[in-house]
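One structure below.
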Amino acid sequence: MPLRLRRSQNYTVARVEKRVPMEVGVRISGHVDLPGIETTFTENVSSNGARIVTSRRWRPNDRMTLATLTGSFHSIARVAYCESIPSAGYAVGIQFLEPDGAWVIANLPAAELQPA
C-alpha cells in the first residue's frame, strides 16, 4: 500500500511588534561554513531583532554574533529566515537572544507594539 503524504501547510505568524526601516551598520560572524567577520547593514529593526543584508546564505536557527559598528550593542542572534535578494545576496531575519548594550530602538510598551 503506497504511503500518502499530506502537503505541508504554510503558517503565517503575525509579527508582534513594528519594524522600523533603518540602516544600521553591523558586523556579523559565526557562519559555520564561511568563517570570518562580515560588515553589512540592517534594512529594518525592532527592539527584539532586525533584518540584515548579507553576502552569505544562512539556515534557519543558525546562530550568529552581531555587533553595531558604532555604539556598544552586541548580541548572539538566531536566524529566523533567509531570503535570496537578486544581485544583492540575502536578507536574513534575526532574533536577539542575548542582547547587551544600547540597541537603536528600545523595548516599547505593549500599546505601541500593535501594527498601525
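Ordering of the C-alpha cells sets the chain letters (A, B, ...), residue numbers begin anew at 1 in every chain, and ligands are numbered from 1 in the order given.
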
Exercise. Could you name the residues that touch range 82-88 of chain A at 12 Å or less, counting only C-alpha atoms, but leaving out those on the same chain fewer than 4 positions away, as an MDAnalysis selection string?
Worked result: chainID A and resid 40 51:62 78 92:94

Output file for the selection above: C-alpha atoms, as a compact mmCIF listing (two decimals), in the first residue's frame:
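Final file, result-v7.txt:
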```
# COMPACT_ATOMS: atom_id res chain seq x y z
CA THR A 40 26.95 44.90 6.50
CA ARG A 51 16.52 42.24 9.00
CA ILE A 52 20.07 42.38 7.69
CA VAL A 53 21.57 42.12 4.21
CA THR A 54 24.44 39.64 3.86
CA SER A 55 26.51 38.00 1.15
CA ARG A 56 26.23 34.63 2.89
CA ARG A 57 23.34 32.20 2.88
CA TRP A 58 22.27 31.30 6.43
CA ARG A 59 19.99 28.50 7.59
CA PRO A 60 17.00 28.98 9.91
CA ASN A 61 18.02 28.55 13.55
CA ASP A 62 21.72 29.19 12.81
CA ARG A 78 19.01 33.30 15.94
CA VAL A 92 18.23 37.50 6.94
CA GLY A 93 15.73 37.99 9.73
CA ILE A 94 17.32 37.64 13.15
```

Problem set entry | 8 Å contact set for Ser46 in chain A, only C-alpha atoms, chain neighbours under 6 positions out, as JSON, numbers by chain | {"A": [17, 18, 19, 20, 105]}

Convert the current residue selection to file output with N, CA and C atoms, as a PDB file, in the first residue's frame.
```
ATOM      1  N   GLU A  17       5.513  43.053  17.027  1.00  0.00           N
ATOM      2  CA  GLU A  17       5.947  44.435  17.142  1.00  0.00           C
ATOM      3  C   GLU A  17       6.233  45.028  15.772  1.00  0.00           C
ATOM      4  N   LYS A  18       6.236  46.339  15.733  1.00  0.00           N
ATOM      5  CA  LYS A  18       6.509  47.045  14.482  1.00  0.00           C
ATOM      6  C   LYS A  18       7.984  46.951  14.125  1.00  0.00           C
ATOM      7  N   ARG A  19       8.237  46.934  12.829  1.00  0.00           N
ATOM      8  CA  ARG A  19       9.607  47.064  12.329  1.00  0.00           C
ATOM      9  C   ARG A  19       9.756  48.502  11.859  1.00  0.00           C
ATOM     10  N   VAL A  20      10.925  49.067  12.113  1.00  0.00           N
ATOM     11  CA  VAL A  20      11.215  50.433  11.719  1.00  0.00           C
ATOM     12  C   VAL A  20      12.274  50.391  10.624  1.00  0.00           C
ATOM     13  N   ILE A 105      16.742  50.904  19.013  1.00  0.00           N
ATOM     14  CA  ILE A 105      15.336  51.068  19.367  1.00  0.00           C
ATOM     15  C   ILE A 105      15.103  50.302  20.661  1.00  0.00           C
TER      16      ILE A 105
END
```

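For the pair CA of Ser75 in chain A and CA of Phe96 in chain A, the separation is 6.1 Å.
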
For this session: Name all residues at most 8 Å from Val26 in chain A (count only C-alpha atoms; drop same-chain ones fewer than 5 positions away) and give them as JSON, numbers by chain.
Result: {"A": [39, 40, 41, 42, 66, 67, 68, 69]}

Residues as selected, C-alpha atoms, written as an mmCIF file, in the first residue's frame, can you do that?
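Once everything was written out, this is out12.cif:
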```cif
data_model
loop_
_atom_site.group_PDB
_atom_site.id
_atom_site.type_symbol
_atom_site.label_atom_id
_atom_site.label_comp_id
_atom_site.auth_asym_id
_atom_site.auth_seq_id
_atom_site.Cartn_x
_atom_site.Cartn_y
_atom_site.Cartn_z
ATOM 1 C CA THR A 39 30.466 44.164 7.719
ATOM 2 C CA THR A 40 26.946 44.903 6.497
ATOM 3 C CA PHE A 41 23.767 46.823 7.442
ATOM 4 C CA THR A 42 20.192 46.377 8.587
ATOM 5 C CA LEU A 66 26.070 40.702 15.752
ATOM 6 C CA ALA A 67 27.645 43.984 16.900
ATOM 7 C CA THR A 68 26.923 47.544 15.842
ATOM 8 C CA LEU A 69 29.725 49.451 14.129
#
```

Problem set entry | Nearby residues (only C-alpha atoms) at most 7 Å from range 30-38 of chain A, same-chain spacing under 5 positions excluded, as an MDAnalysis selection string | chainID A and resid 63:65

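Distance annotation: of A:Met22, A:Val104, A:Ala91, A:Val16, the residue with the minimal separation from Ser47 in chain A is A:Val104; atom set is only C-alpha atoms.
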
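Looking only at range 36-115 of chain A, the set that DSSP places in alpha helix (DSSP H) from backbone geometry is A:Ala110, A:Ala111, A:Glu112, A:Leu113.
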
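Compared by their closest atoms to Ile28 in chain A, and using only C-alpha atoms, the residues A:Asn48, A:Ala102, A:Glu43, A:Ile76 rank with A:Ile76 nearest.
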
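Of note, CA of Pro99 in chain A and CA of His74 in chain A are spaced 6.0 Å apart.
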
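The space separating CA of Gly89 in chain A from CA of Gly101 in chain A comes to 28.4 Å.
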